[in-house]
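Asks: So that you have it, the file is start37.tsv, and it contains TSV, C-alpha atoms:
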```tsv
chain	number	residue	atom	x	y	z
A	1	MET	CA	12.01	41.29	25.04
A	2	ASP	CA	13.71	40.80	21.67
A	3	MET	CA	10.39	41.25	19.94
A	4	ILE	CA	9.90	44.57	21.71
A	5	LEU	CA	13.42	45.63	20.71
A	6	ALA	CA	12.94	44.53	17.10
A	7	PHE	CA	9.63	46.30	16.69
A	8	THR	CA	10.98	49.39	18.43
A	9	VAL	CA	13.78	49.54	15.87
A	10	LEU	CA	11.28	49.28	13.03
A	11	GLY	CA	9.04	51.89	14.63
A	12	VAL	CA	11.87	54.37	15.10
A	13	LEU	CA	13.02	53.89	11.51
A	14	LEU	CA	9.49	54.46	10.22
A	15	VAL	CA	9.18	57.66	12.23
A	16	LEU	CA	12.50	58.97	10.95
A	17	GLY	CA	11.97	57.87	7.37
A	18	LEU	CA	8.43	59.15	6.96
A	19	GLY	CA	9.38	62.37	8.68
A	20	ALA	CA	12.25	62.88	6.26
A	21	LEU	CA	9.97	62.08	3.33
A	22	GLY	CA	7.32	64.56	4.37
A	23	THR	CA	9.86	67.29	5.13
A	24	ALA	CA	11.65	66.84	1.82
A	25	ILE	CA	8.43	67.07	-0.19
A	26	GLY	CA	7.29	70.05	1.86
A	27	PHE	CA	10.53	71.95	1.39
A	28	GLY	CA	10.49	71.15	-2.31
A	29	ILE	CA	7.02	72.61	-2.78
A	30	LEU	CA	7.86	75.59	-0.56
A	31	GLY	CA	11.08	76.38	-2.42
A	32	GLY	CA	9.40	75.95	-5.78
A	33	LYS	CA	6.59	78.35	-4.88
A	34	PHE	CA	9.12	80.85	-3.55
A	35	LEU	CA	11.09	80.74	-6.79
A	36	GLU	CA	7.92	81.11	-8.85
A	37	GLY	CA	6.74	84.02	-6.74
A	38	SER	CA	10.03	85.88	-6.80
A	39	ALA	CA	10.31	85.34	-10.55
A	40	ARG	CA	6.91	86.96	-11.04
A	41	GLN	CA	7.62	89.88	-8.70
A	42	PRO	CA	11.35	90.25	-7.99
A	43	GLU	CA	10.82	93.32	-5.83
A	44	LEU	CA	8.95	91.20	-3.28
A	45	ALA	CA	11.78	88.65	-3.03
A	46	PRO	CA	13.19	89.75	0.39
A	47	LYS	CA	9.77	89.72	2.01
A	48	LEU	CA	8.98	86.35	0.46
A	49	GLN	CA	12.31	85.02	1.64
A	50	THR	CA	11.55	86.01	5.25
A	51	SER	CA	8.20	84.25	5.07
A	52	MET	CA	9.84	81.27	3.41
A	53	PHE	CA	12.22	80.80	6.32
A	54	LEU	CA	9.36	81.11	8.75
A	55	VAL	CA	7.40	78.37	7.02
A	56	ALA	CA	10.57	76.27	6.72
A	57	GLY	CA	10.89	76.33	10.49
A	58	LEU	CA	7.29	75.22	10.81
A	59	ILE	CA	7.70	72.35	8.33
A	60	ASP	CA	10.68	71.09	10.29
A	61	ALA	CA	8.74	71.07	13.52
A	62	VAL	CA	6.87	67.78	13.60
A	63	THR	CA	9.79	65.98	11.95
A	64	MET	CA	12.09	67.15	14.72
A	65	ILE	CA	9.53	66.16	17.34
A	66	GLY	CA	9.51	62.74	15.67
A	67	ILE	CA	13.30	62.57	15.82
A	68	GLY	CA	13.19	63.46	19.50
A	69	ILE	CA	10.65	60.71	20.18
A	70	GLY	CA	12.70	58.27	18.08
A	71	MET	CA	15.85	59.00	20.05
A	72	TRP	CA	13.92	58.62	23.30
A	73	PHE	CA	12.79	55.15	22.21
A	74	THR	CA	16.29	54.24	21.06
A	75	PHE	CA	18.12	55.19	24.23
A	76	SER	CA	15.60	54.66	27.01
A	77	ASN	CA	12.84	52.54	25.62
A	78	PRO	CA	9.84	52.94	27.91
A	79	TYR	CA	8.46	49.57	26.81
A	80	ILE	CA	11.59	47.83	28.02
A	81	ALA	CA	11.34	49.70	31.30
A	82	THR	CA	7.74	48.54	31.70
A	83	LEU	CA	8.76	44.98	30.87
A	84	LEU	CA	11.59	45.03	33.39
A	85	THR	CA	9.41	46.40	36.19
A	86	LEU	CA	6.82	43.72	35.45
A	87	GLY	CA	9.54	41.16	36.16
A	88	GLY	CA	10.69	40.38	32.64
B	1	MET	CA	15.19	37.72	30.92
B	2	ALA	CA	17.37	38.44	33.94
B	3	GLU	CA	20.59	37.93	31.96
B	4	LEU	CA	19.44	40.39	29.32
B	5	ALA	CA	18.67	42.99	31.96
B	6	GLY	CA	22.02	42.35	33.65
B	7	LEU	CA	23.80	42.58	30.33
B	8	ALA	CA	22.15	45.89	29.58
B	9	GLU	CA	23.25	47.22	32.95
B	10	THR	CA	26.88	46.21	32.70
B	11	GLU	CA	27.02	47.60	29.20
B	12	ALA	CA	25.65	50.89	30.42
B	13	HIS	CA	28.24	51.47	33.12
B	14	GLY	CA	30.92	48.80	33.11
B	15	ALA	CA	33.43	49.99	35.67
B	16	ALA	CA	36.49	50.97	33.69
B	17	GLU	CA	35.45	50.79	30.07
B	18	LEU	CA	33.67	53.54	28.26
B	19	THR	CA	31.34	52.05	25.69
B	20	VAL	CA	29.63	54.14	23.05
B	21	GLN	CA	26.37	53.67	24.93
B	22	ALA	CA	27.88	54.94	28.16
B	23	TYR	CA	29.54	57.91	26.46
B	24	ILE	CA	26.28	58.99	24.82
B	25	GLU	CA	24.32	58.43	28.02
B	26	HIS	CA	26.85	60.49	29.99
B	27	HIS	CA	26.57	63.35	27.55
B	28	LEU	CA	22.80	63.22	27.40
B	29	SER	CA	22.25	63.35	31.17
B	30	PHE	CA	21.83	66.50	33.17
B	31	LEU	CA	23.39	67.48	36.47
B	32	THR	CA	20.31	66.69	38.55
B	33	TYR	CA	19.76	67.86	42.10
B	34	GLY	CA	16.84	66.45	44.03
B	35	LYS	CA	15.50	64.17	46.70
B	36	HIS	CA	16.84	60.62	46.60
B	37	PRO	CA	14.40	57.76	47.29
B	38	ASP	CA	15.78	57.37	50.82
B	39	GLY	CA	14.94	60.98	51.62
B	40	HIS	CA	18.25	62.86	51.56
B	41	TRP	CA	18.85	65.67	49.08
B	42	GLY	CA	21.82	65.60	46.77
B	43	ILE	CA	23.16	65.35	43.25
B	44	ALA	CA	22.34	62.23	41.25
B	45	HIS	CA	25.37	60.10	40.46
B	46	THR	CA	23.88	58.03	37.66
B	47	PRO	CA	21.06	58.56	35.16
B	48	GLU	CA	19.05	55.91	37.02
B	49	GLU	CA	19.37	57.84	40.26
B	50	ALA	CA	18.30	60.97	38.42
B	51	ALA	CA	15.22	59.21	37.08
B	52	GLU	CA	14.31	58.03	40.57
B	53	MET	CA	14.32	61.59	41.85
B	54	GLY	CA	11.11	62.15	39.97
B	55	PHE	CA	9.58	65.24	38.45
B	56	TRP	CA	10.65	67.85	40.98
B	57	ALA	CA	14.41	67.39	40.62
B	58	ILE	CA	16.30	70.40	39.27
B	59	HIS	CA	18.71	70.38	36.34
B	60	VAL	CA	21.38	72.56	37.89
B	61	ASP	CA	23.52	72.83	34.75
B	62	THR	CA	20.59	73.97	32.58
B	63	LEU	CA	19.46	76.54	35.14
B	64	GLY	CA	22.98	77.85	35.61
B	65	TRP	CA	23.80	78.21	31.94
B	66	SER	CA	20.47	79.72	30.95
B	67	ILE	CA	20.63	82.31	33.75
B	68	PHE	CA	24.29	83.07	32.99
B	69	ILE	CA	23.62	83.50	29.26
B	70	GLY	CA	20.51	85.59	29.91
B	71	ALA	CA	22.39	87.82	32.36
B	72	ALA	CA	25.28	88.26	29.91
B	73	PHE	CA	22.87	89.28	27.13
B	74	LEU	CA	20.98	91.71	29.38
B	75	LEU	CA	24.13	93.31	30.79
B	76	LEU	CA	25.68	93.71	27.34
B	77	PHE	CA	22.57	95.24	25.76
B	78	ARG	CA	22.00	97.51	28.75
B	79	TYR	CA	25.60	98.73	28.61
B	80	ILE	CA	25.32	99.43	24.89
B	81	GLY	CA	21.96	101.09	25.39
B	82	LYS	CA	23.18	103.35	28.17
B	83	ASN	CA	26.33	104.39	26.30
B	84	ALA	CA	24.76	104.66	22.86
B	85	THR	CA	26.19	107.53	20.88
B	86	THR	CA	25.23	109.01	17.51
B	87	ASP	CA	28.75	110.42	17.21
B	88	THR	CA	30.96	107.55	16.05
B	89	PRO	CA	29.19	104.37	17.09
B	90	GLY	CA	31.51	101.48	17.78
B	91	GLY	CA	31.23	98.08	16.15
B	92	MET	CA	29.38	96.54	19.08
B	93	GLN	CA	26.80	99.33	19.13
B	94	ASN	CA	26.22	98.91	15.39
B	95	PHE	CA	25.78	95.19	15.85
B	96	VAL	CA	23.32	95.55	18.72
B	97	GLU	CA	21.44	98.23	16.79
B	98	SER	CA	21.09	95.97	13.75
B	99	ILE	CA	19.62	93.18	15.88
B	100	PHE	CA	17.32	95.72	17.52
B	101	GLU	CA	16.13	97.06	14.17
B	102	PHE	CA	15.59	93.55	12.84
B	103	VAL	CA	13.34	92.59	15.75
B	104	ASP	CA	11.62	95.99	15.63
B	105	ALA	CA	10.79	95.53	11.92
B	106	ARG	CA	9.38	92.05	12.56
B	107	VAL	CA	7.23	93.26	15.46
B	108	ASN	CA	5.90	96.16	13.41
B	109	GLU	CA	4.98	93.80	10.58
B	110	GLY	CA	3.44	91.12	12.73
B	111	PHE	CA	1.78	92.95	15.63
B	112	ASN	CA	-0.94	95.44	14.80
B	113	HIS	CA	-2.06	96.59	18.24
B	114	SER	CA	-0.67	98.66	21.04
B	115	ASN	CA	1.27	96.78	23.70
B	116	ARG	CA	4.62	97.80	25.10
B	117	LEU	CA	5.55	94.30	26.19
B	118	ILE	CA	5.73	92.66	22.78
B	119	ALA	CA	8.88	94.16	21.30
B	120	PRO	CA	11.11	93.61	24.38
B	121	LEU	CA	9.63	90.13	24.70
B	122	ALA	CA	10.45	89.38	21.06
B	123	LEU	CA	13.99	90.76	21.44
B	124	THR	CA	14.60	88.69	24.57
B	125	ILE	CA	13.24	85.53	22.99
B	126	PHE	CA	15.28	86.01	19.83
B	127	VAL	CA	18.66	86.85	21.35
B	128	TRP	CA	18.39	84.52	24.36
B	129	ILE	CA	17.48	81.51	22.20
B	130	ILE	CA	20.23	82.28	19.69
B	131	LEU	CA	22.83	82.55	22.46
B	132	MET	CA	21.68	79.35	24.17
B	133	ASN	CA	21.61	77.46	20.88
B	134	THR	CA	25.10	78.66	19.95
B	135	MET	CA	26.52	76.76	22.92
B	136	ASP	CA	25.89	73.67	20.79
B	137	LEU	CA	28.78	74.66	18.51
B	138	VAL	CA	31.34	74.24	21.30
B	139	PRO	CA	32.86	70.75	20.85
B	140	VAL	CA	31.09	68.30	23.10
B	141	ASP	CA	33.98	67.24	25.31
B	142	TRP	CA	35.67	70.57	25.97
B	143	ILE	CA	33.51	72.19	28.63
B	144	THR	CA	31.83	68.95	29.72
B	145	GLY	CA	35.16	67.17	30.10
B	146	LEU	CA	36.56	70.08	32.09
B	147	ALA	CA	33.48	70.06	34.32
B	148	THR	CA	33.73	66.30	34.88
B	149	LEU	CA	37.38	66.73	35.90
B	150	ILE	CA	36.47	69.53	38.31
B	151	GLY	CA	33.61	67.41	39.64
B	152	GLU	CA	35.96	64.51	40.34
B	153	HIS	CA	38.76	66.42	41.99
B	154	VAL	CA	36.96	69.26	43.72
B	155	PHE	CA	33.55	67.85	44.63
B	156	GLY	CA	34.29	64.14	44.72
B	157	LEU	CA	31.56	63.29	42.21
B	158	GLU	CA	32.75	60.61	39.84
B	159	HIS	CA	31.64	60.95	36.25
B	160	MET	CA	29.56	64.05	36.80
B	161	SER	CA	27.34	64.93	33.88
B	162	PHE	CA	27.23	68.54	32.74
B	163	LYS	CA	25.34	69.83	29.74
B	164	ILE	CA	26.06	73.27	28.35
B	165	VAL	CA	23.17	73.74	25.89
B	166	PRO	CA	20.10	74.73	27.91
B	167	THR	CA	17.75	74.47	24.94
B	168	THR	CA	18.41	70.72	24.71
B	169	ASP	CA	16.56	70.48	28.02
B	170	ILE	CA	12.87	70.15	27.41
B	171	ASN	CA	12.24	71.96	30.69
B	172	ILE	CA	13.63	75.22	29.31
B	173	THR	CA	11.88	75.12	25.94
B	174	VAL	CA	8.52	74.07	27.36
B	175	GLY	CA	8.97	76.57	30.18
B	176	MET	CA	9.37	79.34	27.62
B	177	SER	CA	6.45	78.15	25.53
B	178	LEU	CA	4.20	77.83	28.59
B	179	SER	CA	5.11	81.39	29.56
B	180	VAL	CA	4.12	82.54	26.07
B	181	PHE	CA	0.91	80.47	26.38
B	182	ALA	CA	0.12	82.16	29.69
B	183	LEU	CA	0.56	85.54	27.96
B	184	ILE	CA	-1.70	84.43	25.10
B	185	ILE	CA	-4.48	83.43	27.52
B	186	TYR	CA	-3.98	86.57	29.63
B	187	TYR	CA	-4.19	88.97	26.69
B	188	SER	CA	-7.04	87.05	25.05
B	189	ILE	CA	-9.12	87.40	28.19
B	190	LYS	CA	-8.01	90.99	28.79
B	191	MET	CA	-8.86	92.16	25.26
B	192	LYS	CA	-11.95	90.09	24.54
B	193	GLY	CA	-13.28	89.42	28.02
B	194	LEU	CA	-13.68	85.92	29.38
B	195	GLY	CA	-17.00	85.51	27.58
B	196	GLY	CA	-15.53	86.78	24.33
B	197	PHE	CA	-12.57	84.41	24.57
B	198	LEU	CA	-14.76	81.40	25.33
B	199	SER	CA	-17.28	82.26	22.63
B	200	GLU	CA	-14.43	82.49	20.15
B	201	LEU	CA	-13.57	78.90	21.05
B	202	ALA	CA	-17.17	77.72	21.04
B	203	PHE	CA	-18.78	79.53	18.11
B	204	GLN	CA	-15.99	79.54	15.52
B	205	PRO	CA	-15.96	78.40	12.78
B	206	PHE	CA	-19.38	76.79	12.40
B	207	GLY	CA	-21.84	78.86	14.41
B	208	LYS	CA	-23.41	78.16	17.78
B	209	TRP	CA	-25.41	75.08	16.92
B	210	ALA	CA	-22.19	73.22	16.08
B	211	LEU	CA	-20.66	73.86	19.50
B	212	PRO	CA	-19.20	70.36	20.09
B	213	PHE	CA	-17.54	70.35	16.67
B	214	ASN	CA	-16.21	73.86	17.15
B	215	LEU	CA	-14.71	72.91	20.50
B	216	MET	CA	-13.17	69.78	18.99
B	217	ILE	CA	-11.43	71.95	16.42
B	218	GLU	CA	-10.57	75.01	18.48
B	219	VAL	CA	-9.31	73.42	21.72
B	220	PRO	CA	-6.64	71.22	20.08
B	221	THR	CA	-5.62	74.21	17.94
B	222	LEU	CA	-5.18	76.26	21.09
B	223	LEU	CA	-3.31	73.51	22.94
B	224	ALA	CA	-1.11	72.73	19.94
B	225	LYS	CA	0.41	76.20	20.18
B	226	PRO	CA	2.50	75.79	23.34
B	227	VAL	CA	3.19	72.12	22.65
B	228	SER	CA	4.54	72.69	19.15
B	229	LEU	CA	6.38	75.87	20.15
B	230	GLY	CA	8.29	74.12	22.92
B	231	LEU	CA	8.85	70.81	21.20
B	232	ARG	CA	9.97	72.34	17.90
B	233	LEU	CA	12.91	74.13	19.53
B	234	PHE	CA	13.73	71.16	21.76
B	235	GLY	CA	13.55	68.62	18.95
B	236	ASN	CA	15.77	70.61	16.61
B	237	LEU	CA	18.46	71.22	19.22
B	238	TYR	CA	18.30	67.72	20.71
B	239	ALA	CA	18.66	66.12	17.29
B	240	GLY	CA	21.58	68.43	16.46
B	241	GLU	CA	23.38	67.66	19.69
B	242	LEU	CA	22.73	63.93	19.32
B	243	LEU	CA	24.24	63.97	15.85
B	244	PHE	CA	27.37	65.64	17.19
B	245	LEU	CA	27.58	62.98	19.91
B	246	LEU	CA	27.12	60.12	17.47
B	247	MET	CA	29.79	61.53	15.19
B	248	ALA	CA	32.17	61.94	18.11
B	249	SER	CA	31.65	58.41	19.38
B	250	LEU	CA	31.35	56.37	16.21
B	251	LEU	CA	33.62	57.87	13.56
B	252	GLY	CA	37.08	57.98	15.05
B	253	ILE	CA	39.30	60.39	13.15
B	254	PHE	CA	36.73	60.87	10.39
B	255	GLN	CA	34.53	62.76	12.80
B	256	LEU	CA	36.34	66.01	11.97
B	257	PRO	CA	34.95	66.58	8.44
B	258	ALA	CA	31.59	65.23	9.59
B	259	HIS	CA	31.53	67.65	12.53
B	260	PHE	CA	32.44	70.52	10.22
B	261	ALA	CA	29.70	69.69	7.71
B	262	TRP	CA	27.02	69.30	10.35
B	263	ALA	CA	28.18	72.41	12.21
B	264	VAL	CA	27.81	74.46	9.03
B	265	PHE	CA	24.23	73.24	8.68
B	266	HIS	CA	23.62	73.80	12.36
B	267	ILE	CA	24.68	77.44	11.98
B	268	LEU	CA	21.57	77.81	9.82
B	269	VAL	CA	19.32	76.01	12.29
B	270	ILE	CA	20.40	78.09	15.31
B	271	PRO	CA	19.09	81.52	14.25
B	272	LEU	CA	16.26	79.94	12.26
B	273	GLN	CA	14.75	78.29	15.33
B	274	ALA	CA	15.13	81.48	17.35
B	275	PHE	CA	13.47	83.43	14.53
B	276	VAL	CA	10.59	80.97	14.23
B	277	PHE	CA	9.98	81.04	18.01
B	278	MET	CA	10.01	84.84	17.99
B	279	MET	CA	7.74	85.16	14.92
B	280	LEU	CA	5.24	82.66	16.27
B	281	THR	CA	5.16	84.46	19.61
B	282	ILE	CA	4.43	87.74	17.80
B	283	VAL	CA	1.77	86.15	15.58
B	284	TYR	CA	0.03	84.31	18.45
B	285	LEU	CA	-0.02	87.41	20.64
B	286	ASN	CA	-1.35	89.45	17.71
B	287	ALA	CA	-4.18	86.96	17.30
B	288	ALA	CA	-4.83	87.15	21.04
B	289	HIS	CA	-5.30	90.90	20.78
B	290	GLU	CA	-7.67	90.69	17.80
B	291	THR	CA	-11.09	92.03	18.69
B	292	HIS	CA	-13.42	92.18	15.71
B	293	ALA	CA	-14.74	95.71	16.14
B	294	HIS	CA	-18.43	95.46	15.32
```
Show the structure stored in the file as structure tokens.

Replies:
Amino acid sequence: MDMILAFTVLGVLLVLGLGALGTAIGFGILGGKFLEGSARQPELAPKLQTSMFLVAGLIDAVTMIGIGIGMWFTFSNPYIATLLTLGG
Amino acid sequence: MAELAGLAETEAHGAAELTVQAYIEHHLSFLTYGKHPDGHWGIAHTPEEAAEMGFWAIHVDTLGWSIFIGAAFLLLFRYIGKNATTDTPGGMQNFVESIFEFVDARVNEGFNHSNRLIAPLALTIFVWIILMNTMDLVPVDWITGLATLIGEHVFGLEHMSFKIVPTTDINITVGMSLSVFALIIYYSIKMKGLGGFLSELAFQPFGKWALPFNLMIEVPTLLAKPVSLGLRLFGNLYAGELLFLLMASLLGIFQLPAHFAWAVFHILVIPLQAFVFMMLTIVYLNAAHETHAH
């Protein structure tokens, strides 16, 4: 039981941490490309900005899914539930 | 083992004390109506009871709020539309018109075929999701606390849970994304024919002798669309709401600046997620209409 809890904690932290890492790098590259592009062609900046926000929402997606799964494991760990139904 | 399970249970709902765990659990549970294990229908009193009701239980609070918000949006826009005047438009008409033009511009950019459903669909998705998401900015305990009080004194339900943000319910977000998926499949088959749709899955991108590999690439791509569409919105809103709850329960008086800071960031997330859902709907439906004219 405590081993399941301990490893769940580590698992959740990995999901959150790696998600944050990937998102941060992704946003950095995205923002950098946007700045480069709008510096080369300032008249396209509004259109590029719209597309940038669209891609930003997409980059966030799997990270947020990971957060959702992490919170699920934190607050109603299915492994604990299985363990309890199997009689501890 | 048994003591640990017992400990977990008493921590979760110790009679008089409200632990952090219990507070968060109370605010994360829905008002569930369904069939209890012994056969009678009713509202679940605890999260465990709600879980035992199974898949077919209804989240009454989510349904109520989403229908109420949708009806409010439709009535408002219809009223503005009916009474629209080019004379001296009022502030509300200007506001509604700017939203309308925004969605219209996006649909014109993203959808290159002829279909009268797409623009109203995009407008509904955009405004409905924004309005549902904005409920997250109402402080957690205001409406929920009021509802719990009403539940106790009027309906006799102790500690009734009541959630006001429908998009934190995965049923709503996945329901919307499955509806969009149904439209994608419908228009794909309507525009390309069933054979055309299936051959697009089977013969792209490698040609017909690589059929297994094509299917292995195309089918997950197709299935990822509704899954990611629904989960993206749910995950963003659930994480936002959970952060508000954690701040409220763990920080004492210092929750106020924390709430403010997170709410300011959340004001970005709210329209962004609605925009992404709308744009992806437009883009997916555009791809569904694509027939390569030979």

Asks: Show me, as a VMD selection string, the residues that have an atom within 8 Å of Ile118 in chain B when counting all atoms listed in the file, minus same-chain residues fewer than 4 positions from it.

Replies: chain B and resid 107 122 282

Asks: Select, as an MDAnalysis selection string, those residues of chain A with any atom no more than 8 Å from chain B (distances computed using all atoms listed in the file).

Replies: chainID A and resid 1 53:54 57:58 60:62 64:68 75 84 88

Asks: Rounded to one decimal in Å, what is the spacing between CA of Lys163 in chain B and CA of Leu13 in chain A?

Replies: 27.2 Å

Asks: Which residue gives the smallest distance to Gly17 in chain A among A:Trp72, A:Leu44, A:Thr63, A:Leu86, with only C-alpha atoms counted?

Replies: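 Checking each candidate against Gly17 in chain A, we get A:Thr63 as the closest.
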
Asks: So the first atom is CA of Ile29 in chain A and the second is CA of Ala45 in chain A; what is the distance between them in Å, to one decimal place?

Replies: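 Interatomic distance, CA of Ile29 in chain A to CA of Ala45 in chain A: 16.7 Å.
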
Asks: With a distance cut-off of 9 Å and all atoms listed in the file, select the neighbouring residues of Met176 in chain B, excluding the residue or stretch itself and same-chain residues fewer than 3 positions from it, and output the selection as a VMD selection string.

Replies: chain B and resid 125 171 to 173 179 to 181 226 229 to 230

Asks: If you keep C-alpha atoms, can you produce a file of those selected residues as a PDB file, keeping the file's coordinate frame?

Replies:
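Wrote it out as again03.pdb, contents follow:
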```pdb
ATOM      1  CA  ILE B 125      13.240  85.530  22.990  1.00  0.00           C
ATOM      2  CA  ASN B 171      12.240  71.960  30.690  1.00  0.00           C
ATOM      3  CA  ILE B 172      13.630  75.220  29.310  1.00  0.00           C
ATOM      4  CA  THR B 173      11.880  75.120  25.940  1.00  0.00           C
ATOM      5  CA  SER B 179       5.110  81.390  29.560  1.00  0.00           C
ATOM      6  CA  VAL B 180       4.120  82.540  26.070  1.00  0.00           C
ATOM      7  CA  PHE B 181       0.910  80.470  26.380  1.00  0.00           C
ATOM      8  CA  PRO B 226       2.500  75.790  23.340  1.00  0.00           C
ATOM      9  CA  LEU B 229       6.380  75.870  20.150  1.00  0.00           C
ATOM     10  CA  GLY B 230       8.290  74.120  22.920  1.00  0.00           C
TER      11      GLY B 230
END
```

Asks: At what distance in Å, to one decimal, does CA of Pro120 in chain B lie from CA of Arg78 in chain B?

Replies: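 Computing the Euclidean distance for CA of Arg78 in chain B and CA of Pro120 in chain B yields 12.4 Å.
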
Asks: Please give the centre and size of the box around range 67-81 of chain B (axis-aligned, containing every atom listed in the file, 5 Å added per side), with values in Å to one decimal and written as JSON.

Replies:
```
{"center_x": 23.1, "center_y": 91.7, "center_z": 29.3, "size_x": 15.2, "size_y": 28.8, "size_z": 18.9}
```

Asks: Residues near Asn133 in chain B, anyone? I mean within 8 Å using only C-alpha atoms, not counting same-chain ones fewer than 3 positions away, as a PyMOL selection string.

Replies: chain B and resi 129-130+136+165-167+237+270

Asks: Skip Ile217 in chain B itself and residues of its chain fewer than 4 positions away, then list as JSON, numbers by chain all residues within 12 Å of it, counting all atoms listed in the file.

Replies: {"B": [200, 201, 202, 203, 204, 205, 206, 210, 211, 212, 213, 221, 222, 223, 224]}

Asks: Out of A:Leu83, A:Ser76, A:Val9, A:Phe34, which residue has the shortest atom-to-atom distance to Thr50 in chain A when counting all atoms listed in the file?

Replies: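 Checking each of A:Leu83, A:Ser76, A:Val9, A:Phe34 against Thr50 in chain A, counting all atoms listed in the file, the winner is A:Phe34.
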
Asks: Pick out the closest residue to Asp2 in chain A from this set: A:Leu35, A:Met71, A:Thr23, A:Ile80. Count all atoms listed in the file.

Replies: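 Among A:Leu35, A:Met71, A:Thr23, A:Ile80, it is A:Ile80 that comes nearest to Asp2 in chain A.
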